[in-house]
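Next up, entry-v3.cif (mmCIF, C-alpha atoms):
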```
data_query
loop_
_atom_site.label_atom_id
_atom_site.label_comp_id
_atom_site.auth_asym_id
_atom_site.auth_seq_id
_atom_site.Cartn_x
_atom_site.Cartn_y
_atom_site.Cartn_z
CA MET A 20 26.05 -16.13 -20.07
CA SER A 21 24.00 -18.71 -18.26
CA GLU A 22 20.26 -18.51 -17.72
CA ASP A 23 20.94 -20.23 -14.44
CA THR A 24 23.16 -17.41 -13.17
CA LYS A 25 20.66 -14.83 -14.35
CA HIS A 26 17.89 -16.63 -12.49
CA ARG A 27 20.07 -16.80 -9.36
CA ILE A 28 20.57 -13.02 -9.47
CA ILE A 29 16.82 -12.42 -9.85
CA GLU A 30 15.96 -14.82 -7.05
CA ALA A 31 18.53 -13.43 -4.61
CA GLY A 32 17.60 -9.85 -5.55
CA ALA A 33 13.89 -10.55 -5.17
CA GLU A 34 14.44 -11.84 -1.64
CA LEU A 35 16.44 -8.75 -0.61
CA VAL A 36 14.13 -6.26 -2.34
CA HIS A 37 11.06 -7.90 -0.81
CA ARG A 38 12.57 -7.52 2.66
CA GLN A 39 14.04 -4.03 2.40
CA GLY A 40 12.84 -2.22 -0.75
CA PHE A 41 14.23 -1.59 -4.24
CA ASN A 42 15.99 1.73 -3.73
CA ASN A 43 17.27 0.53 -0.39
CA THR A 44 18.99 -2.51 -1.94
CA GLY A 45 22.33 -2.08 -3.69
CA LEU A 46 23.47 -4.11 -6.69
CA LYS A 47 26.53 -5.07 -4.65
CA ASP A 48 24.35 -6.75 -2.00
CA ILE A 49 22.28 -8.55 -4.63
CA LEU A 50 25.37 -9.95 -6.37
CA LYS A 51 26.92 -10.91 -3.06
CA ALA A 52 23.75 -12.77 -2.04
CA ALA A 53 23.64 -14.47 -5.44
CA GLY A 54 27.32 -15.41 -5.20
CA VAL A 55 28.04 -13.80 -8.56
CA PRO A 56 31.13 -11.69 -9.32
CA LYS A 57 30.46 -7.98 -9.23
CA GLY A 58 31.40 -7.26 -12.82
CA SER A 59 29.05 -9.79 -14.34
CA PHE A 60 25.73 -8.01 -13.60
CA TYR A 61 25.86 -6.14 -16.91
CA PHE A 62 26.17 -9.38 -18.84
CA TYR A 63 22.61 -10.10 -17.78
CA PHE A 64 20.89 -6.74 -17.35
CA ASP A 65 21.25 -3.32 -19.00
CA ASN A 66 20.86 -1.59 -15.64
CA LYS A 67 19.22 -1.91 -12.23
CA GLU A 68 15.84 -0.84 -13.64
CA ALA A 69 15.94 -3.62 -16.26
CA PHE A 70 16.74 -6.06 -13.47
CA GLY A 71 13.77 -4.64 -11.52
CA ILE A 72 11.36 -5.24 -14.42
CA GLU A 73 12.45 -8.87 -14.69
CA MET A 74 12.04 -9.18 -10.92
CA VAL A 75 8.43 -7.95 -11.22
CA HIS A 76 7.81 -10.70 -13.82
CA TYR A 77 9.41 -13.19 -11.42
CA PHE A 78 7.07 -12.10 -8.58
CA ARG A 79 4.08 -12.26 -10.95
CA ASP A 80 4.98 -15.81 -12.04
CA ARG A 81 5.58 -16.89 -8.45
CA PHE A 82 2.13 -15.60 -7.44
CA ARG A 83 0.56 -17.52 -10.32
CA ALA A 84 2.42 -20.73 -9.52
CA GLY A 85 1.72 -20.45 -5.78
CA THR A 86 -2.02 -19.91 -6.18
CA ALA A 87 -2.92 -22.03 -9.24
CA SER A 88 -3.86 -25.14 -7.25
CA ILE A 89 -6.25 -23.08 -5.05
CA ILE A 90 -7.79 -21.15 -7.97
CA ASN A 91 -8.46 -24.35 -9.92
CA ASP A 92 -9.56 -26.59 -7.03
CA LYS A 93 -12.87 -27.92 -8.33
CA ALA A 94 -13.56 -29.61 -4.98
CA LEU A 95 -14.22 -26.13 -3.58
CA THR A 96 -16.95 -23.65 -4.48
CA PRO A 97 -15.74 -20.37 -6.04
CA LEU A 98 -16.15 -18.45 -2.75
CA GLU A 99 -14.35 -21.24 -0.89
CA ARG A 100 -11.47 -20.80 -3.32
CA ILE A 101 -11.38 -17.06 -2.55
CA THR A 102 -11.26 -17.99 1.14
CA GLY A 103 -8.49 -20.44 0.19
CA LEU A 104 -6.50 -17.55 -1.29
CA PHE A 105 -6.93 -15.57 1.92
CA ALA A 106 -5.79 -18.61 3.93
CA HIS A 107 -2.74 -18.85 1.64
CA PHE A 108 -1.92 -15.17 2.25
CA LYS A 109 -2.45 -15.50 6.01
CA ALA A 110 -0.15 -18.52 6.26
CA TYR A 111 2.53 -16.65 4.31
CA TYR A 112 2.46 -13.54 6.49
CA GLU A 113 2.22 -15.52 9.70
CA MET A 114 5.32 -17.48 8.66
CA HIS A 115 7.18 -14.20 8.13
CA GLY A 116 6.01 -12.47 11.33
CA TYR A 117 3.77 -10.07 9.38
CA THR A 118 6.74 -8.47 7.65
CA ARG A 119 7.43 -8.05 3.91
CA GLY A 120 4.03 -7.19 2.47
CA CYS A 121 3.16 -8.11 -1.11
CA PRO A 122 6.22 -7.66 -3.34
CA ILE A 123 4.11 -6.35 -6.22
CA GLY A 124 2.17 -3.94 -3.98
CA ASN A 125 5.40 -2.76 -2.37
CA LEU A 126 6.96 -1.99 -5.74
CA ALA A 127 3.77 -0.30 -6.96
CA GLN A 128 4.06 2.02 -3.97
CA GLU A 129 7.81 2.54 -4.28
CA MET A 130 8.32 2.65 -8.05
CA GLY A 131 4.90 3.52 -9.55
CA ASP A 132 5.81 7.20 -9.79
CA LEU A 133 9.53 6.83 -10.43
CA SER A 134 9.84 4.65 -13.52
CA ALA A 135 7.51 4.20 -16.51
CA PRO A 136 8.82 0.72 -17.45
CA PHE A 137 8.40 -0.41 -13.82
CA ARG A 138 4.88 1.01 -13.82
CA ALA A 139 3.98 -0.91 -17.00
CA ALA A 140 5.25 -4.20 -15.55
CA LEU A 141 3.44 -3.58 -12.24
CA HIS A 142 0.25 -2.65 -14.10
CA GLU A 143 0.33 -5.96 -15.92
CA ALA A 144 1.07 -7.93 -12.73
CA LEU A 145 -1.73 -6.22 -10.77
CA ASP A 146 -4.19 -6.69 -13.63
CA GLY A 147 -3.31 -10.39 -13.50
CA MET A 148 -4.31 -10.50 -9.83
CA VAL A 149 -7.60 -8.73 -10.63
CA ASP A 150 -8.17 -11.29 -13.44
CA VAL A 151 -7.87 -14.12 -10.88
CA PHE A 152 -10.47 -12.65 -8.53
CA GLU A 153 -12.75 -11.60 -11.40
CA GLY A 154 -12.74 -15.16 -12.71
CA LEU A 155 -13.67 -16.54 -9.29
CA ILE A 156 -16.37 -13.91 -8.71
CA VAL A 157 -17.97 -14.66 -12.10
CA GLN A 158 -17.95 -18.36 -11.18
CA ALA A 159 -19.46 -17.50 -7.77
CA GLN A 160 -22.23 -15.58 -9.56
CA GLU A 161 -22.88 -18.49 -11.93
CA ALA A 162 -23.00 -20.86 -8.95
CA GLY A 163 -25.50 -18.60 -7.17
CA GLU A 164 -23.06 -17.79 -4.33
CA SER A 165 -22.62 -14.09 -5.20
CA PRO A 166 -25.21 -11.53 -6.30
CA LYS A 167 -25.54 -11.29 -10.08
CA ASP A 168 -25.85 -7.49 -10.02
CA LEU A 169 -22.29 -7.09 -8.73
CA ASP A 170 -19.86 -5.82 -11.39
CA ALA A 171 -17.29 -8.64 -11.19
CA ARG A 172 -14.39 -6.59 -12.59
CA GLU A 173 -15.01 -3.73 -10.17
CA ALA A 174 -15.47 -6.08 -7.23
CA ALA A 175 -12.23 -7.88 -8.12
CA THR A 176 -10.40 -4.55 -8.35
CA PHE A 177 -11.71 -3.64 -4.93
CA VAL A 178 -10.66 -7.01 -3.45
CA VAL A 179 -7.10 -6.58 -4.74
CA GLU A 180 -6.95 -3.00 -3.42
CA ALA A 181 -8.31 -3.95 -0.01
CA CYS A 182 -5.84 -6.84 0.29
CA HIS A 183 -2.91 -4.59 -0.57
CA GLY A 184 -4.01 -2.11 2.07
CA ALA A 185 -4.23 -4.94 4.61
CA PHE A 186 -0.78 -6.28 3.68
CA ILE A 187 0.71 -2.83 4.36
CA ARG A 188 -1.19 -2.38 7.62
CA MET A 189 0.16 -5.74 8.85
CA LYS A 190 3.68 -4.36 8.46
CA VAL A 191 2.75 -1.81 11.13
CA VAL A 192 0.55 -3.77 13.53
CA LYS A 193 2.52 -7.04 13.17
CA ASN A 194 -0.50 -9.27 13.51
CA ALA A 195 -3.13 -10.89 11.29
CA GLU A 196 -6.02 -8.60 12.23
CA PRO A 197 -6.01 -6.34 9.14
CA LEU A 198 -6.16 -9.33 6.78
CA ASN A 199 -8.75 -11.13 8.94
CA ILE A 200 -11.00 -8.06 8.83
CA CYS A 201 -10.45 -7.70 5.09
CA HIS A 202 -11.34 -11.36 4.52
CA LYS A 203 -14.45 -11.08 6.66
CA PHE A 204 -15.85 -8.00 4.91
CA ILE A 205 -14.97 -9.23 1.41
CA ILE A 206 -16.62 -12.62 1.89
CA GLU A 207 -19.50 -11.78 4.22
CA ILE A 208 -20.59 -8.40 2.91
CA LEU A 209 -19.20 -7.74 -0.57
CA LEU A 210 -19.45 -11.16 -2.19
CA LYS A 211 -22.58 -12.60 -0.51
CA MET B 25 18.26 26.84 17.07
CA SER B 26 15.07 28.14 15.55
CA GLU B 27 11.79 26.24 15.48
CA ASP B 28 11.18 27.99 12.18
CA THR B 29 14.24 26.44 10.55
CA LYS B 30 13.36 23.04 11.97
CA HIS B 31 9.87 23.32 10.53
CA ARG B 32 11.29 24.36 7.17
CA ILE B 33 13.46 21.23 7.09
CA ILE B 34 10.49 19.00 7.93
CA GLU B 35 8.27 20.66 5.34
CA ALA B 36 10.86 20.51 2.55
CA GLY B 37 11.79 16.94 3.51
CA ALA B 38 8.15 15.86 3.63
CA GLU B 39 7.58 17.16 0.10
CA LEU B 40 10.60 15.27 -1.27
CA VAL B 41 9.92 12.06 0.67
CA HIS B 42 6.27 12.08 -0.39
CA ARG B 43 7.33 12.32 -4.05
CA GLN B 44 10.23 9.88 -4.09
CA GLY B 45 10.42 7.82 -0.87
CA PHE B 46 12.39 8.01 2.37
CA ASN B 47 15.38 5.83 1.54
CA ASN B 48 15.52 7.38 -1.91
CA THR B 49 15.87 10.91 -0.49
CA GLY B 50 19.24 12.09 0.79
CA LEU B 51 19.71 14.52 3.67
CA LYS B 52 21.70 16.69 1.27
CA ASP B 53 18.67 17.10 -1.00
CA ILE B 54 16.37 17.85 1.94
CA LEU B 55 18.67 20.56 3.29
CA LYS B 56 19.19 22.02 -0.17
CA ALA B 57 15.40 22.20 -0.69
CA ALA B 58 14.99 23.80 2.76
CA GLY B 59 17.77 26.29 2.05
CA VAL B 60 19.58 25.28 5.24
CA PRO B 61 23.37 24.81 5.51
CA LYS B 62 24.45 21.19 5.40
CA GLY B 63 26.08 21.10 8.82
CA SER B 64 23.04 22.34 10.72
CA PHE B 65 20.83 19.24 10.36
CA TYR B 66 22.22 17.72 13.54
CA PHE B 67 21.26 20.81 15.55
CA TYR B 68 17.67 19.80 14.98
CA PHE B 69 17.62 16.02 14.65
CA ASP B 70 19.70 13.19 16.13
CA ASN B 71 19.72 11.36 12.80
CA LYS B 72 17.68 10.80 9.64
CA GLU B 73 15.37 8.36 11.46
CA ALA B 74 14.54 10.98 14.12
CA PHE B 75 13.77 13.42 11.33
CA GLY B 76 11.56 10.74 9.75
CA ILE B 77 9.53 10.29 12.95
CA GLU B 78 8.87 14.02 13.20
CA MET B 79 7.89 13.99 9.53
CA VAL B 80 5.30 11.27 10.27
CA HIS B 81 3.85 13.51 13.00
CA TYR B 82 3.80 16.39 10.50
CA PHE B 83 1.87 14.27 7.95
CA ARG B 84 -0.52 13.13 10.70
CA ASP B 85 -1.20 16.73 11.76
CA ARG B 86 -1.62 17.86 8.16
CA PHE B 87 -4.21 15.10 7.59
CA ARG B 88 -6.10 16.21 10.70
CA ALA B 89 -6.02 19.88 9.76
CA GLY B 90 -7.02 19.19 6.14
CA THR B 91 -10.00 17.02 7.02
CA ALA B 92 -11.37 18.60 10.24
CA SER B 93 -13.87 20.87 8.48
CA ILE B 94 -15.33 17.89 6.56
CA ILE B 95 -15.43 15.57 9.58
CA ASN B 96 -17.23 18.16 11.71
CA ASP B 97 -19.59 19.57 9.06
CA LYS B 98 -22.94 19.29 10.81
CA ALA B 99 -24.75 20.39 7.64
CA LEU B 100 -23.93 16.94 6.23
CA THR B 101 -25.09 13.52 7.41
CA PRO B 102 -22.32 11.20 8.69
CA LEU B 103 -22.24 9.19 5.41
CA GLU B 104 -22.17 12.43 3.42
CA ARG B 105 -19.14 13.42 5.46
CA ILE B 106 -17.44 10.12 4.56
CA THR B 107 -18.25 10.89 0.92
CA GLY B 108 -16.80 14.35 1.57
CA LEU B 109 -13.53 12.74 2.69
CA PHE B 110 -13.43 10.65 -0.51
CA ALA B 111 -14.07 13.82 -2.56
CA HIS B 112 -11.20 15.50 -0.67
CA PHE B 113 -8.87 12.57 -1.49
CA LYS B 114 -9.98 12.50 -5.14
CA ALA B 115 -9.37 16.22 -5.59
CA TYR B 116 -5.89 15.85 -4.08
CA TYR B 117 -4.83 12.97 -6.32
CA GLU B 118 -6.37 14.52 -9.42
CA MET B 119 -4.39 17.70 -8.73
CA HIS B 120 -1.18 15.64 -8.56
CA GLY B 121 -1.86 13.47 -11.62
CA TYR B 122 -2.49 10.38 -9.45
CA THR B 123 1.08 10.35 -8.18
CA ARG B 124 2.38 10.42 -4.60
CA GLY B 125 -0.03 8.13 -2.74
CA CYS B 126 -0.76 8.70 0.96
CA PRO B 127 2.45 9.75 2.73
CA ILE B 128 1.55 7.71 5.83
CA GLY B 129 0.65 4.62 3.80
CA ASN B 130 3.82 4.97 1.72
CA LEU B 131 5.98 5.11 4.83
CA ALA B 132 4.10 2.19 6.41
CA GLN B 133 5.01 0.17 3.35
CA GLU B 134 8.59 1.41 3.14
CA MET B 135 9.60 1.67 6.81
CA GLY B 136 7.19 -0.62 8.74
CA ASP B 137 9.69 -3.47 8.71
CA LEU B 138 12.88 -1.43 8.86
CA SER B 139 12.56 0.75 11.98
CA ALA B 140 10.71 0.19 15.26
CA PRO B 141 10.39 3.92 16.11
CA PHE B 142 9.04 4.61 12.60
CA ARG B 143 6.59 1.74 13.03
CA ALA B 144 5.34 3.16 16.35
CA ALA B 145 4.77 6.62 14.86
CA LEU B 146 3.02 5.13 11.81
CA HIS B 147 0.87 2.92 14.03
CA GLU B 148 -0.33 5.95 15.92
CA ALA B 149 -0.99 7.95 12.73
CA LEU B 150 -2.93 5.09 11.10
CA ASP B 151 -4.94 4.49 14.27
CA GLY B 152 -5.86 8.19 14.16
CA MET B 153 -7.28 7.70 10.65
CA VAL B 154 -9.25 4.67 11.81
CA ASP B 155 -10.56 6.79 14.75
CA VAL B 156 -11.92 9.35 12.28
CA PHE B 157 -13.84 6.78 10.23
CA GLU B 158 -15.00 4.91 13.34
CA GLY B 159 -16.44 8.13 14.75
CA LEU B 160 -18.33 8.83 11.53
CA ILE B 161 -19.60 5.25 11.22
CA VAL B 162 -20.90 5.30 14.82
CA GLN B 163 -22.69 8.56 14.02
CA ALA B 164 -24.09 7.01 10.81
CA GLN B 165 -25.41 4.09 12.87
CA GLU B 166 -26.99 6.47 15.39
CA ALA B 167 -28.57 8.42 12.53
CA GLY B 168 -29.97 5.23 11.01
CA GLU B 169 -27.82 5.53 7.87
CA SER B 170 -25.66 2.46 8.56
CA PRO B 171 -26.62 -0.98 9.90
CA LYS B 172 -26.33 -1.23 13.67
CA ASP B 173 -24.86 -4.76 13.55
CA LEU B 174 -21.72 -3.51 11.80
CA ASP B 175 -18.64 -3.46 14.08
CA ALA B 176 -17.69 0.21 13.63
CA ARG B 177 -14.02 -0.26 14.56
CA GLU B 178 -13.56 -3.16 12.17
CA ALA B 179 -15.44 -1.37 9.40
CA ALA B 180 -13.28 1.73 9.91
CA THR B 181 -10.12 -0.39 9.80
CA PHE B 182 -11.32 -1.91 6.54
CA VAL B 183 -12.12 1.52 5.05
CA VAL B 184 -8.62 2.80 5.85
CA GLU B 185 -7.02 -0.36 4.41
CA ALA B 186 -9.10 -0.25 1.22
CA CYS B 187 -8.30 3.43 0.70
CA HIS B 188 -4.58 2.79 1.09
CA GLY B 189 -4.78 -0.01 -1.45
CA ALA B 190 -6.58 2.33 -3.86
CA PHE B 191 -4.03 5.12 -3.34
CA ILE B 192 -1.24 2.70 -4.33
CA ARG B 193 -3.13 1.34 -7.31
CA MET B 194 -3.63 4.90 -8.59
CA LYS B 195 0.15 5.29 -8.73
CA VAL B 196 0.15 2.51 -11.32
CA VAL B 197 -3.00 3.17 -13.36
CA LYS B 198 -2.70 6.99 -13.17
CA ASN B 199 -6.42 7.60 -13.04
CA ALA B 200 -9.18 7.92 -10.44
CA GLU B 201 -10.81 4.53 -11.06
CA PRO B 202 -9.38 2.63 -8.05
CA LEU B 203 -10.56 5.29 -5.61
CA ASN B 204 -13.94 5.65 -7.35
CA ILE B 205 -14.51 1.90 -7.05
CA CYS B 206 -13.38 1.94 -3.42
CA HIS B 207 -15.75 4.82 -2.62
CA LYS B 208 -18.67 3.09 -4.34
CA PHE B 209 -18.27 -0.23 -2.52
CA ILE B 210 -17.58 1.38 0.86
CA ILE B 211 -20.63 3.64 0.71
CA GLU B 212 -23.11 1.51 -1.24
CA ILE B 213 -22.36 -1.94 0.09
CA LEU B 214 -20.37 -1.79 3.34
CA LEU B 215 -21.94 1.18 5.08
CA LYS B 216 -25.56 1.00 3.85
#
```

Is it possible to express this structure as structure tokens?
Amino acid sequence: MSEDTKHRIIEAGAELVHRQGFNNTGLKDILKAAGVPKGSFYFYFDNKEAFGIEMVHYFRDRFRAGTASIINDKALTPLERITGLFAHFKAYYEMHGYTRGCPIGNLAQEMGDLSAPFRAALHEALDGMVDVFEGLIVQAQEAGESPKDLDAREAATFVVEACHGAFIRMKVVKNAEPLNICHKFIIEILLK
Amino acid sequence: MSEDTKHRIIEAGAELVHRQGFNNTGLKDILKAAGVPKGSFYFYFDNKEAFGIEMVHYFRDRFRAGTASIINDKALTPLERITGLFAHFKAYYEMHGYTRGCPIGNLAQEMGDLSAPFRAALHEALDGMVDVFEGLIVQAQEAGESPKDLDAREAATFVVEACHGAFIRMKVVKNAEPLNICHKFIIEILLK
């Protein structure tokens, strides 16, 4: 058992699942993409669901790692950092031709009703995203950029929801407009 | 070939797909639920994708039929009608224990990248939802309820996105909070 092989399975699986969905991706394809012999999956995971939970943690950690430098950039004001997150999202979707969506949002849609352990892992990952925006909104309020009477937790929840809706809409329209509109209303109307 | 049988297949399939996803639902299960012999599917549909497109049209028409009386209720102001739509959504999800999500939004997430004909049908259905909110926002502006400088099409796009994000989040948290927050910010901040 090597942690390296396990990580390779998660990484290859995450790429396939992000592109085509969890139920639509077979273990065989994941192992083939990872270059791991078919029989060895069960060395690393009890079943496909257990693999899926670890994949959610992987997506959560990747989001954290990919956004930390923006979230903590003290050269920017809190609202500028929120705009930085939107710019980060826009660059990602542009690079991928407005396909894929958010892997956590996708799995929330696909698996939220079908598996309680999946739901718990997704709940934790989504709460982590809300935490990020809540932290920035509180800082924006302290800096006098955002109105103090806004409930920061609720506003952050709304931002995460609206972004997930925009990510899905981009899958259909195949352009940046949904996310641009979302960014505009969040920054110009909600948070100012 | 009976239109009645075809409709029964679409209705039974729509119920299953709404609960568990398109790729996760086999033709066998759909036909079993519809009480139709296995071999007869291809009398009615070229393939599962063609069935899926007709199912999107079915969901679109069901949304229209289910919301028309609220949208056209002249006893209510335009913003009260938007609140009426939120109340309609809330009652639906409460009845289903915050499962299911929006069938159109689910399919946009699941199939938007995987099938061009699906994408086209979903595009049209989502645009129809934006049309509904745009119409009500324009009326709210004419009635002096909403600011005139708001771009009604963009605001409507944002409302539809934010709702879809909330529908997905409810699948994970299993309570009404995401939609309540969405409703509050849309009505109290965006549209007033």

Report the distance between CA of Gly120 (chain A) and CA of His37 (chain A) in Å, rounded to one decimal place.
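Separating CA of Gly120 (chain A) from CA of His37 (chain A) is a distance of 7.8 Å.
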
Would you mind listing, as a VMD selection string, all residues of chain A that have at least one atom within 9 Å of chain B, where all atoms listed in the file are what counts?
chain A and resid 38 to 40 42 to 43 117 to 120 124 to 125 127 to 133 138 to 139 141 to 142 145 173 to 174 176 to 192 197 200 to 201 204 208 to 209

Which of these, B:Asn96, B:Asn71, B:Thr29, B:Asn199, has the shortest distance to Gly159 (chain B) once you count all atoms listed in the file?
B:Asn96

Provide an axis-aligned box for all listed atoms of region 124-143 of chain B, padding each side by 8 Å; report its centre and its edge lengths in Å to one decimal, as JSON.
```
{"center_x": 6.1, "center_y": 3.5, "center_z": 5.8, "size_x": 29.6, "size_y": 29.9, "size_z": 36.7}
```

Between CA of Val80 (chain B) and CA of Ala149 (chain B), what is the distance, to one decimal in Å?
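Going from CA of Val80 (chain B) over to CA of Ala149 (chain B), I get 7.5 Å.
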
Point-to-point distance in Å for CA of Leu104 (chain A) and CA of Lys211 (chain A):
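Taking CA of Lys211 (chain A) and CA of Leu104 (chain A), their separation equals 16.8 Å.
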
Go through the shown structure with the PyMOL selection byres ((chain A and resi 155-159) around 12) and write out the matching residues as number ranges by chain.
A: 89-93, 95-104, 148-154, 160-178, 205-206, 209-211

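Distance annotation: of B:Ala74, B:Ala200, B:Ser26, B:Tyr68, the residue with the minimal separation from Lys114 (chain B) is B:Ala200; atom set is only C-alpha atoms.
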
To test your reading of the syntax: which residues would the PyMOL selection byres ((chain A and resi 27-31) around 6) return for the file shown? Reply as a ChimeraX atom specification.
/A:24-26,32-34,52-53,74

Using C-alpha atoms, can you export the residues from the last selection as an mmCIF file, keeping the file's coordinate frame?
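For reference, selection_12.cif as written:
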```cif
data_model
loop_
_atom_site.group_PDB
_atom_site.id
_atom_site.type_symbol
_atom_site.label_atom_id
_atom_site.label_comp_id
_atom_site.auth_asym_id
_atom_site.auth_seq_id
_atom_site.Cartn_x
_atom_site.Cartn_y
_atom_site.Cartn_z
ATOM 1 C CA THR A 24 23.160 -17.410 -13.170
ATOM 2 C CA LYS A 25 20.660 -14.830 -14.350
ATOM 3 C CA HIS A 26 17.890 -16.630 -12.490
ATOM 4 C CA GLY A 32 17.600 -9.850 -5.550
ATOM 5 C CA ALA A 33 13.890 -10.550 -5.170
ATOM 6 C CA GLU A 34 14.440 -11.840 -1.640
ATOM 7 C CA ALA A 52 23.750 -12.770 -2.040
ATOM 8 C CA ALA A 53 23.640 -14.470 -5.440
ATOM 9 C CA MET A 74 12.040 -9.180 -10.920
#
```
